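Structure data follow from run-v9.txt (compact mmCIF, C-alpha atoms):
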# COMPACT_ATOMS: atom_id res chain seq x y z
CA MET J 1 28.77 -53.49 -52.52
CA SER J 2 29.07 -56.75 -54.43
CA PRO J 3 30.57 -59.90 -52.88
CA LEU J 4 34.24 -60.46 -53.60
CA ARG J 5 36.03 -63.54 -54.85
CA ILE J 6 38.58 -64.09 -52.08
CA LEU J 7 41.50 -66.48 -52.10
CA LEU J 8 41.97 -66.99 -48.38
CA LEU J 9 45.16 -68.48 -46.93
CA ALA J 10 44.58 -70.06 -43.52
CA PRO J 11 47.04 -72.93 -42.92
CA GLY J 12 46.22 -73.17 -39.22
CA SER J 13 42.46 -73.13 -39.67
CA ASP J 14 40.75 -75.93 -37.72
CA PRO J 15 37.16 -75.84 -36.39
CA ASP J 16 37.89 -78.70 -34.00
CA SER J 17 40.82 -76.98 -32.32
CA ILE J 18 41.21 -74.06 -29.92
CA SER J 19 43.18 -70.82 -29.70
CA THR J 20 44.55 -69.37 -32.95
CA SER J 21 43.46 -72.37 -35.05
CA LEU J 22 39.84 -71.80 -34.11
CA VAL J 23 40.30 -68.03 -34.56
CA ALA J 24 41.52 -68.57 -38.13
CA TYR J 25 38.62 -70.88 -38.96
CA SER J 26 35.96 -68.64 -37.39
CA HIS J 27 37.27 -65.57 -39.19
CA SER J 28 37.36 -67.43 -42.52
CA GLU J 29 33.89 -68.88 -42.10
CA ALA J 30 32.36 -65.48 -41.25
CA LEU J 31 33.88 -64.00 -44.42
CA ALA J 32 32.55 -66.96 -46.42
CA ARG J 33 29.00 -65.99 -45.43
CA LEU J 34 29.52 -62.65 -47.19
CA HIS J 35 31.81 -63.51 -50.10
CA ALA J 36 32.84 -66.27 -52.48
CA VAL J 37 35.75 -67.63 -50.45
CA THR J 38 38.19 -70.24 -51.67
CA LEU J 39 39.92 -71.48 -48.53
CA VAL J 40 43.48 -72.83 -48.79
CA VAL J 41 44.48 -75.19 -45.97
CA PRO J 42 46.76 -78.18 -45.37
CA ARG J 43 45.35 -81.57 -46.34
CA SER J 44 45.25 -82.58 -42.67
CA ASN J 45 42.61 -79.92 -41.91
CA GLU J 46 40.41 -80.46 -44.96
CA GLU J 47 38.06 -83.11 -43.56
CA ALA J 48 37.20 -81.18 -40.39
CA ILE J 49 36.48 -78.02 -42.38
CA ARG J 50 34.28 -79.77 -44.95
CA ARG J 51 32.40 -81.54 -42.18
CA LYS J 52 31.83 -78.33 -40.23
CA SER J 53 30.87 -75.78 -42.88
CA SER J 54 29.36 -75.51 -46.33
CA SER J 55 29.80 -71.75 -46.56
CA PHE J 56 33.03 -71.86 -48.54
CA LYS J 57 32.86 -71.74 -52.31
CA ALA J 58 35.77 -74.18 -52.40
CA VAL J 59 38.38 -75.72 -50.13
CA GLU J 60 41.81 -76.24 -51.67
CA ALA J 61 43.88 -78.76 -49.70
CA ILE J 62 47.67 -78.52 -49.99
CA ASP J 63 49.61 -81.77 -49.74
CA MET J 64 52.82 -81.65 -47.71
CA PRO J 65 52.72 -85.09 -46.02
CA TRP J 66 56.34 -85.35 -44.92
CA LEU J 67 56.56 -81.76 -43.72
CA GLU J 68 53.26 -82.07 -41.84
CA ARG J 69 54.45 -85.22 -40.11
CA ILE J 70 57.72 -83.58 -39.08
CA LEU J 71 55.94 -80.50 -37.75
CA SER J 72 53.28 -82.52 -35.92
CA TRP J 73 55.87 -84.81 -34.33
CA SER J 74 58.01 -81.84 -33.26
CA ILE J 75 55.08 -80.00 -31.69
CA ARG J 76 54.13 -83.07 -29.68
CA TRP J 77 57.52 -84.38 -28.59
CA ILE J 78 59.90 -81.41 -28.67
CA PHE J 79 57.62 -78.50 -27.79
CA LYS J 80 55.19 -80.55 -25.63
CA ASN J 81 52.16 -78.94 -27.34
CA ASP J 82 53.18 -75.53 -26.05
CA TYR J 83 51.78 -73.42 -28.87
CA GLY J 84 52.80 -70.24 -27.07
CA SER J 85 56.50 -71.12 -27.32
CA HIS J 86 58.67 -68.57 -29.09
CA ALA J 87 60.98 -71.38 -30.13
CA LEU J 88 58.04 -73.12 -31.84
CA THR J 89 57.23 -69.90 -33.71
CA ALA J 90 60.78 -69.73 -35.04
CA PHE J 91 60.75 -73.45 -35.86
CA SER J 92 57.50 -73.02 -37.84
CA TYR J 93 58.99 -70.41 -40.18
CA PRO J 94 60.21 -72.76 -42.97
CA PHE J 95 57.02 -74.83 -42.81
CA SER J 96 54.90 -71.71 -43.31
CA LEU J 97 56.97 -70.65 -46.31
CA ALA J 98 56.73 -74.14 -47.79
CA PHE J 99 52.94 -74.10 -47.45
CA GLU J 100 52.61 -70.78 -49.27
CA TRP J 101 55.02 -71.85 -52.01
CA CYS J 102 52.92 -74.98 -52.61
CA ALA J 103 49.73 -72.89 -52.50
CA TRP J 104 51.18 -70.45 -55.04
CA ARG J 105 52.11 -73.27 -57.41
CA ARG J 106 48.58 -74.69 -57.07
CA MET J 107 46.68 -71.39 -57.49
CA ARG J 108 48.95 -69.25 -59.68
CA THR J 109 47.26 -70.09 -62.98
CA ARG J 110 43.81 -69.24 -61.61
CA ILE J 111 45.08 -66.01 -60.04
CA MET J 112 46.57 -64.88 -63.32
CA ALA J 113 43.40 -65.91 -65.17
CA GLY J 114 41.34 -63.50 -63.04
CA ASP J 115 39.45 -66.02 -60.92
CA PHE J 116 39.96 -63.95 -57.74
CA ASP J 117 39.67 -60.31 -56.71
CA VAL J 118 42.00 -60.36 -53.71
CA VAL J 119 44.26 -62.63 -51.65
CA LEU J 120 43.84 -62.49 -47.88
CA ARG J 121 46.11 -64.27 -45.40
CA VAL J 122 44.52 -64.69 -41.98
CA SER J 123 47.04 -67.11 -40.48
CA PRO J 124 49.63 -67.52 -39.12
CA ILE J 125 48.55 -64.65 -36.89
CA ASN J 126 52.03 -63.99 -35.50
CA CYS J 127 53.50 -60.98 -37.31
CA VAL J 128 57.02 -62.45 -37.44
CA ILE J 129 55.93 -65.16 -39.92
CA PRO J 130 56.14 -63.55 -43.40
CA SER J 131 54.13 -64.28 -46.52
CA PRO J 132 55.81 -65.02 -49.87
CA PHE J 133 52.45 -64.25 -51.55
CA ALA J 134 53.05 -60.53 -51.04
CA PHE J 135 56.26 -60.82 -53.06
CA PHE J 136 54.68 -63.05 -55.72
CA LEU J 137 51.87 -60.50 -56.20
CA ARG J 138 54.03 -57.37 -56.05
CA ARG J 139 53.23 -56.57 -59.70
CA GLY J 140 49.63 -57.75 -59.62
CA PRO J 141 47.22 -58.74 -60.92
CA ILE J 142 45.31 -58.57 -57.60
CA PRO J 143 46.06 -57.05 -54.19
CA PHE J 144 47.39 -58.96 -51.19
CA VAL J 145 46.07 -58.26 -47.67
CA ILE J 146 47.42 -59.69 -44.42
CA GLY J 147 45.85 -59.87 -40.99
CA PRO J 148 44.80 -59.52 -38.37
CA ILE J 149 48.41 -59.99 -37.30
CA ASN J 150 49.52 -59.85 -33.70
CA GLY J 151 52.69 -60.04 -31.66
CA GLY J 152 55.55 -57.88 -30.51
CA LEU J 153 54.18 -57.28 -27.03
CA PRO J 154 57.14 -56.41 -24.77
CA TRP J 155 57.86 -58.41 -21.64
CA PRO J 156 56.98 -56.13 -18.70
CA GLN J 157 59.88 -55.28 -16.43
CA GLY J 158 59.87 -56.11 -12.72
CA PHE J 159 57.41 -59.02 -12.83
CA SER J 160 58.52 -62.43 -11.63
CA GLN J 161 55.81 -63.97 -13.80
CA ALA J 162 57.41 -62.56 -16.94
CA GLU J 163 60.95 -63.49 -15.90
CA LYS J 164 59.92 -67.11 -15.32
CA GLN J 165 58.25 -67.32 -18.73
CA LYS J 166 61.01 -65.91 -20.94
CA GLU J 167 62.77 -68.32 -23.27
CA TRP J 168 66.36 -68.32 -24.47
CA ILE J 169 65.18 -67.28 -27.92
CA THR J 170 63.10 -64.31 -26.72
CA PRO J 171 65.90 -61.68 -27.08
CA LEU J 172 66.38 -62.78 -30.70
CA ARG J 173 62.79 -62.00 -31.68
CA ASN J 174 63.56 -58.95 -33.85
CA LEU J 175 65.92 -60.96 -36.06
CA TYR J 176 62.83 -61.90 -38.05
CA ARG J 177 63.28 -58.59 -39.86
CA ILE J 178 66.25 -59.92 -41.81
CA LEU J 179 64.66 -63.23 -42.81
CA PRO J 180 63.57 -63.83 -46.42
CA PHE J 181 60.20 -62.24 -47.35
CA SER J 182 59.87 -60.37 -44.02
CA LYS J 183 60.29 -56.90 -45.51
CA SER J 184 58.46 -57.62 -48.75
CA THR J 185 55.42 -58.95 -46.86
CA TYR J 186 54.56 -55.55 -45.42
CA ARG J 187 56.07 -53.41 -48.19
CA TYR J 188 53.93 -54.99 -50.91
CA ALA J 189 50.77 -55.68 -48.91
CA ALA J 190 47.89 -53.48 -50.07
CA ALA J 191 46.55 -53.44 -46.50
CA ILE J 192 47.79 -54.60 -43.10
CA ILE J 193 45.29 -55.45 -40.38
CA ALA J 194 46.69 -55.25 -36.85
CA GLY J 195 45.04 -57.20 -34.05
CA SER J 196 46.34 -55.02 -31.21
CA SER J 197 47.52 -51.50 -30.49
CA GLN J 198 51.03 -52.84 -29.90
CA THR J 199 51.26 -54.47 -33.33
CA TYR J 200 49.78 -51.36 -34.93
CA ALA J 201 52.57 -49.35 -33.32
CA GLU J 202 55.29 -51.77 -34.41
CA PHE J 203 54.29 -51.34 -38.06
CA ALA J 204 53.54 -47.63 -37.80
CA ALA J 205 55.83 -46.97 -40.79
CA TYR J 206 52.96 -48.36 -42.87
CA ARG J 207 50.22 -46.42 -41.09
CA GLN J 208 48.71 -45.25 -44.40
CA LYS J 209 47.55 -48.79 -45.06
CA MET J 210 47.19 -50.00 -41.46
CA PHE J 211 43.87 -50.86 -39.83
CA PHE J 212 42.94 -52.10 -36.36
CA ILE J 213 40.57 -55.04 -35.94
CA PRO J 214 40.79 -57.28 -32.84
CA GLU J 215 42.23 -60.74 -33.33
CA ASN J 216 39.35 -62.56 -31.61
CA GLY J 217 35.61 -62.65 -32.16
CA LEU J 218 32.43 -64.25 -30.86
CA SER J 219 30.25 -66.89 -32.45
CA ARG J 220 26.54 -66.47 -32.98
CA SER J 221 25.85 -69.52 -30.82
CA LEU J 222 27.73 -68.10 -27.85
CA LEU J 223 26.02 -64.71 -28.15
CA ASP J 224 22.63 -66.42 -28.39
CA SER J 225 23.35 -68.49 -25.28
CA ALA J 226 23.88 -65.42 -23.08
CA PRO J 227 21.66 -65.93 -20.02
CA SER J 228 19.10 -63.50 -18.70
CA ARG J 229 20.85 -62.38 -15.54
CA SER J 230 19.35 -60.82 -12.43
CA ILE J 231 21.13 -59.04 -9.62
CA SER J 232 22.79 -61.53 -7.28
CA HIS J 233 22.74 -60.94 -3.52
CA GLY J 234 24.91 -63.85 -2.46
CA GLY J 235 28.67 -64.05 -2.52
CA LEU J 236 30.44 -63.05 -5.71
CA GLU J 237 31.19 -65.89 -8.12
CA LEU J 238 34.71 -65.24 -9.41
CA ILE J 239 36.40 -67.18 -12.20
CA TYR J 240 39.82 -67.45 -13.81
CA VAL J 241 40.14 -69.19 -17.19
CA GLY J 242 43.49 -69.90 -18.80
CA ARG J 243 46.66 -71.92 -18.77
CA LEU J 244 48.39 -72.08 -15.41
CA VAL J 245 51.69 -70.70 -16.65
CA PRO J 246 53.66 -67.84 -15.08
CA TYR J 247 52.74 -64.91 -17.35
CA LYS J 248 49.00 -65.58 -16.99
CA ALA J 249 49.52 -64.43 -13.37
CA CYS J 250 46.80 -66.50 -11.72
CA ASP J 251 48.73 -65.94 -8.48
CA ILE J 252 47.91 -62.23 -8.69
CA ALA J 253 44.24 -63.11 -9.16
CA LEU J 254 44.36 -65.29 -6.05
CA ARG J 255 46.12 -62.67 -3.95
CA GLY J 256 43.74 -59.92 -5.10
CA ALA J 257 40.65 -62.02 -4.35
CA ALA J 258 41.94 -63.43 -1.04
CA PRO J 259 40.47 -60.76 1.30
CA LEU J 260 36.95 -61.39 -0.06
CA LEU J 261 37.46 -65.14 -0.05
CA ARG J 262 38.57 -65.16 3.59
CA GLN J 263 35.48 -63.18 4.59
CA ASP J 264 33.25 -65.65 2.71
CA LEU J 265 32.13 -62.86 0.37
CA ALA J 266 33.16 -64.72 -2.77
CA ARG J 267 34.15 -68.05 -4.30
CA LEU J 268 36.77 -68.54 -7.00
CA THR J 269 36.78 -71.17 -9.75
CA ILE J 270 40.04 -71.77 -11.62
CA VAL J 271 39.63 -73.40 -15.04
CA GLY J 272 42.84 -74.56 -16.68
CA ASP J 273 46.00 -76.47 -15.93
CA GLY J 274 49.74 -76.17 -16.30
CA PRO J 275 53.08 -76.21 -14.50
CA GLU J 276 52.00 -73.57 -11.96
CA ARG J 277 49.08 -75.55 -10.58
CA GLN J 278 50.87 -77.15 -7.63
CA GLY J 279 52.32 -73.81 -6.55
CA LEU J 280 48.90 -72.14 -6.86
CA GLU J 281 47.28 -74.85 -4.75
CA GLN J 282 49.92 -74.25 -2.11
CA LEU J 283 49.27 -70.51 -2.34
CA THR J 284 45.57 -71.03 -1.56
CA LYS J 285 46.58 -72.82 1.65
CA PHE J 286 49.06 -70.10 2.55
CA LEU J 287 46.35 -67.47 2.01
CA GLY J 288 43.81 -69.53 3.96
CA VAL J 289 41.29 -69.72 1.11
CA GLU J 290 41.62 -73.33 -0.08
CA LYS J 291 38.03 -74.17 0.96
CA VAL J 292 36.49 -71.57 -1.37
CA VAL J 293 38.80 -72.05 -4.37
CA SER J 294 38.08 -74.82 -6.89
CA PHE J 295 40.68 -76.10 -9.37
CA CYS J 296 38.84 -77.68 -12.32
CA GLY J 297 41.79 -78.57 -14.55
CA TRP J 298 41.33 -78.80 -18.31
CA LEU J 299 37.72 -78.73 -19.49
CA SER J 300 36.15 -78.76 -22.93
CA HIS J 301 35.19 -75.41 -24.38
CA SER J 302 31.48 -76.10 -23.82
CA GLU J 303 32.08 -77.09 -20.19
CA THR J 304 34.17 -73.96 -19.67
CA MET J 305 31.42 -71.78 -21.10
CA GLN J 306 28.87 -73.39 -18.78
CA LEU J 307 30.99 -72.44 -15.77
CA LEU J 308 31.75 -68.99 -17.15
CA GLN J 309 28.11 -68.04 -17.62
CA LYS J 310 27.45 -68.83 -13.94
CA ALA J 311 30.15 -66.39 -12.80
CA ASP J 312 29.85 -62.73 -11.90
CA VAL J 313 33.43 -61.58 -12.48
CA LEU J 314 36.32 -62.83 -14.61
CA VAL J 315 39.64 -62.11 -12.88
CA PHE J 316 42.26 -62.36 -15.61
CA PRO J 317 45.46 -60.44 -14.74
CA SER J 318 47.73 -61.87 -17.45
CA VAL J 319 50.75 -59.57 -17.71
CA ARG J 320 51.39 -60.34 -21.40
CA GLU J 321 48.29 -61.28 -23.38
CA PHE J 322 47.96 -60.83 -27.15
CA GLY J 323 44.34 -61.73 -27.84
CA GLY J 324 42.58 -62.57 -24.60
CA GLY J 325 39.68 -64.46 -26.12
CA VAL J 326 38.28 -65.30 -22.70
CA ALA J 327 37.62 -61.59 -22.08
CA PHE J 328 35.43 -61.57 -25.22
CA GLU J 329 33.57 -64.65 -24.01
CA ALA J 330 33.06 -63.17 -20.57
CA LEU J 331 31.49 -60.03 -22.03
CA ALA J 332 29.18 -62.11 -24.23
CA LEU J 333 27.94 -64.12 -21.24
CA GLY J 334 27.40 -61.17 -18.91
CA VAL J 335 30.53 -61.67 -16.81
CA VAL J 336 32.37 -58.50 -15.81
CA PRO J 337 36.05 -58.73 -16.85
CA VAL J 338 38.91 -57.48 -14.69
CA VAL J 339 41.98 -57.44 -16.94
CA VAL J 340 45.36 -55.75 -17.27
CA ASP J 341 45.58 -52.59 -19.36
CA PHE J 342 48.19 -54.11 -21.65
CA GLY J 343 47.93 -56.12 -24.85
CA GLY J 344 44.71 -57.48 -26.31
CA PRO J 345 42.42 -57.36 -23.26
CA GLY J 346 43.41 -53.72 -22.65
CA ASP J 347 42.29 -52.88 -26.19
CA ILE J 348 38.85 -54.46 -25.77
CA VAL J 349 37.68 -53.78 -22.22
CA HIS J 350 36.60 -50.23 -21.40
CA THR J 351 35.18 -48.55 -18.32
CA GLU J 352 31.53 -49.04 -19.28
CA VAL J 353 31.84 -52.84 -19.41
CA GLY J 354 34.66 -53.80 -17.02
CA TYR J 355 37.92 -52.84 -15.36
CA LYS J 356 41.47 -52.39 -16.59
CA VAL J 357 44.21 -52.73 -13.97
CA ALA J 358 47.29 -50.62 -14.57
CA LEU J 359 50.47 -52.64 -15.23
CA THR J 360 52.52 -51.18 -12.37
CA ASN J 361 53.97 -53.86 -10.08
CA GLU J 362 52.71 -57.06 -8.51
CA ASP J 363 51.72 -55.67 -5.11
CA ASP J 364 49.97 -52.64 -6.58
CA MET J 365 48.05 -54.80 -9.04
CA VAL J 366 46.93 -57.04 -6.18
CA SER J 367 45.66 -53.93 -4.35
CA GLN J 368 43.85 -52.68 -7.46
CA ILE J 369 42.07 -56.00 -7.94
CA GLU J 370 41.13 -56.19 -4.25
CA LYS J 371 39.61 -52.70 -4.42
CA ILE J 372 37.64 -53.52 -7.58
CA LEU J 373 36.22 -56.75 -6.18
CA PHE J 374 35.13 -55.12 -2.92
CA GLU J 375 33.41 -52.40 -4.95
CA LEU J 376 31.49 -54.94 -7.02
CA GLU J 377 30.58 -56.97 -3.94
CA ARG J 378 29.10 -53.90 -2.26
CA ASP J 379 27.38 -52.42 -5.31
CA ARG J 380 25.37 -55.10 -7.13
CA THR J 381 23.55 -52.44 -9.16
CA LEU J 382 26.90 -51.42 -10.65
CA LEU J 383 27.70 -55.07 -11.31
CA ASP J 384 24.43 -55.53 -13.18
CA LYS J 385 24.93 -52.32 -15.17
CA LEU J 386 28.38 -53.43 -16.32
CA ARG J 387 27.03 -56.88 -17.11
CA GLN J 388 24.19 -55.60 -19.30
CA GLU J 389 26.38 -53.08 -21.11
CA GLY J 390 29.02 -55.75 -21.71
CA MET J 391 26.52 -58.09 -23.36
CA ARG J 392 25.25 -55.27 -25.58
CA TYR J 393 28.81 -54.33 -26.53
CA ALA J 394 29.63 -57.95 -27.37
CA ARG J 395 26.55 -58.37 -29.57
CA GLU J 396 27.08 -55.15 -31.50
CA SER J 397 30.86 -54.97 -31.83
CA LEU J 398 32.67 -58.22 -31.02
CA SER J 399 30.98 -60.92 -33.12
CA TRP J 400 32.71 -62.66 -36.00
CA ASP J 401 30.01 -61.22 -38.25
CA ALA J 402 30.85 -57.68 -37.13
CA LYS J 403 34.54 -58.39 -37.70
CA ALA J 404 33.84 -59.75 -41.20
CA GLN J 405 31.97 -56.56 -42.04
CA LEU J 406 34.98 -54.45 -41.08
CA VAL J 407 37.37 -56.65 -43.06
CA THR J 408 34.99 -56.36 -46.00
CA GLN J 409 35.35 -52.57 -45.93
CA ILE J 410 39.12 -52.94 -46.09
CA LEU J 411 39.00 -55.46 -48.94
CA HIS J 412 36.64 -53.29 -50.98
CA TRP J 413 39.03 -50.37 -50.50
CA THR J 414 42.00 -52.40 -51.74
CA VAL J 415 40.18 -53.38 -54.94
CA GLY J 416 38.96 -49.82 -55.57
CA GLN J 417 35.32 -50.38 -54.68
CA GLY J 418 35.01 -48.19 -51.60
CA SER J 419 36.49 -45.43 -49.50
CA LYS J 420 39.26 -46.05 -47.00
CA PRO J 421 37.84 -47.23 -43.63
CA ASP J 422 38.67 -45.26 -40.50
CA LEU J 423 39.79 -48.01 -38.10
CA PRO J 424 42.43 -46.66 -35.71
CA PRO J 425 43.54 -48.57 -32.61
CA PRO J 426 41.96 -47.74 -29.23
CA LYS J 427 45.39 -46.65 -27.92
CA ILE J 428 48.12 -44.77 -29.79
CA LEU J 429 51.48 -46.07 -28.51
CA TYR J 430 53.91 -44.11 -30.71
CA ASN J 431 56.36 -46.91 -31.32
CA ASP J 432 57.75 -46.03 -34.75
CA MET J 433 60.13 -48.97 -35.04
CA PRO J 434 61.81 -49.64 -38.39
CA VAL J 435 60.36 -52.50 -40.38
Would you mind writing the file out in structure tokens?
Amino acid sequence: MSPLRILLLAPGSDPDSISTSLVAYSHSEALARLHAVTLVVPRSNEEAIRRKSSSFKAVEAIDMPWLERILSWSIRWIFKNDYGSHALTAFSYPFSLAFEWCAWRRMRTRIMAGDFDVVLRVSPINCVIPSPFAFFLRRGPIPFVIGPINGGLPWPQGFSQAEKQKEWITPLRNLYRILPFSKSTYRYAAAIIAGSSQTYAEFAAYRQKMFFIPENGLSRSLLDSAPSRSISHGGLELIYVGRLVPYKACDIALRGAAPLLRQDLARLTIVGDGPERQGLEQLTKFLGVEKVVSFCGWLSHSETMQLLQKADVLVFPSVREFGGGVAFEALALGVVPVVVDFGGPGDIVHTEVGYKVALTNEDDMVSQIEKILFELERDRTLLDKLRQEGMRYARESLSWDAKAQLVTQILHWTVGQGSKPDLPPPKILYNDMPV
């Protein structure tokens, strides 16, 4: 099939950032290697993108200087750089609409003149932030596609980690449905790409044009850096990577690993920082494992990857995780992931490459993790088998290039150049909520 001329909206795209900003850039750049992509971003991100990549046909920078300053100042001083804050998501709503309105004014003439085949919005990723472009293009001349979108993961009941993390605005989340452009975004979209089983279920009313593609992906450089691993006969090298906030549940990882740590059968490295660090350090003393647990604090991405590729097992029991990019990275580097069967990690990890712990209750999850770690410590052949299969799975299915190929199938379908792709979610959750 021929390359498409894509107008790609990615206001959060930033190659020098982390989390969803890097996700948006990586996704966009992978598509640009296959198609003629015109990337639309805020002026503040233009320089980094031009410096990093020449794959894009063009980069259109949208000027909103006063709005960008207000948003940047608010993120730093009001929200303390907590990009996971629900309040920040709500606060960002008018800024997102303003960006797309400015982008529409800039690009409308070219759209109507036939310069593009399709409009794709890859960010914001959160499904509660609507897109005016869907409404603007409701009568053509080209289709509008959104995604991968993510969000809507319920807070699990009975977990202290979840209760500590909830914000005052959390119960108001579904009010997004009555905000301007929220209904038209999904009604008029030619295709909706969901980044998780949960989001797929939330928008099940549109299942005829819904597709599942994971939110995260893996770079070529990371896949190429995967080490040649041999069976280890020493103690297990365990690692946790993530913010030290309640819902990431690093305390469950510590409690599950403690029996091995006390017997000197393993060591645990904790990469990340946050408000829970002091309590976690105290927990290591209470459990009697402080001598074999290392707190590294914040590290650069490259430093984190260096530590990750030396580990045997990633213990990541986050009780509410949308994407779980670290699980992707662990698989790429031959590290066996132990995750919770809920949200993004539960969609990606399967029994041939790692372990999924049932989201039951805290004590039971601790017991499940303990049992898994003892099994891997005793059976290094099993550990190596999972490691090798995980690296193969990552290379074949989880790269940004593989993701771009799947999105390409969807885009060709929307413009009438191919058959409809069969991309269902790994889990059917039957959550037919009105949208």
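You can rank J:Ile6, J:Thr414, J:Asp312, J:Lys291 by their closest distance to Leu382 of chain J using all atoms listed in the file, and at the top of that list sits J:Asp312.
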Write out as a Markdown table the residues of segment 249-337 of chain J that have any atom within 12 Å of an atom of segment 22-38 of chain J, one row each with the nearest atom pair and its distance in Å to one decimal, counting only C-alpha atoms, sorted by chain and then rising number.
| residue | atom | partner | partner_atom | distance |
| --- | --- | --- | --- | --- |
| J:His301 | CA | J:Leu22 | CA | 11.4 |
| J:Gly323 | CA | J:Val23 | CA | 10.1 |
| J:Gly324 | CA | J:Val23 | CA | 11.6 |
| J:Gly325 | CA | J:Val23 | CA | 9.2 |
Which one of J:Ile239, J:Leu179, J:Val366, J:Leu333 sits closest to Pro132 of chain J if you count all atoms listed in the file?
J:Leu179
Could I get the residues of segment 341-367 of chain J with an atom no further than 8 Å from an atom of segment 191-208 of chain J, each paired with its nearest atom pair and that distance in Å to one decimal, using all atoms listed in the file, sorted by chain and residue number, as a Markdown table?
| residue | atom | partner | partner_atom | distance |
| --- | --- | --- | --- | --- |
| J:Gly343 | CA | J:Ser196 | CA | 6.6 |
| J:Gly344 | CA | J:Ser196 | CA | 5.7 |
| J:Asp347 | CA | J:Ser196 | CA | 6.8 |
Tell me, in Å to one decimal, how far atom CA of Glu290 of chain J is from atom CA of Leu268 of chain J.
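About the pair atom CA of Glu290 of chain J and atom CA of Leu268 of chain J: they are 9.7 Å apart.
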Around the point (57.0, -67.5, -33.4) (coordinates from the file), which residues reach within 6 Å if we count all atoms listed in the file? Answer as a PyMOL selection string.
chain J and resi 86+88-90
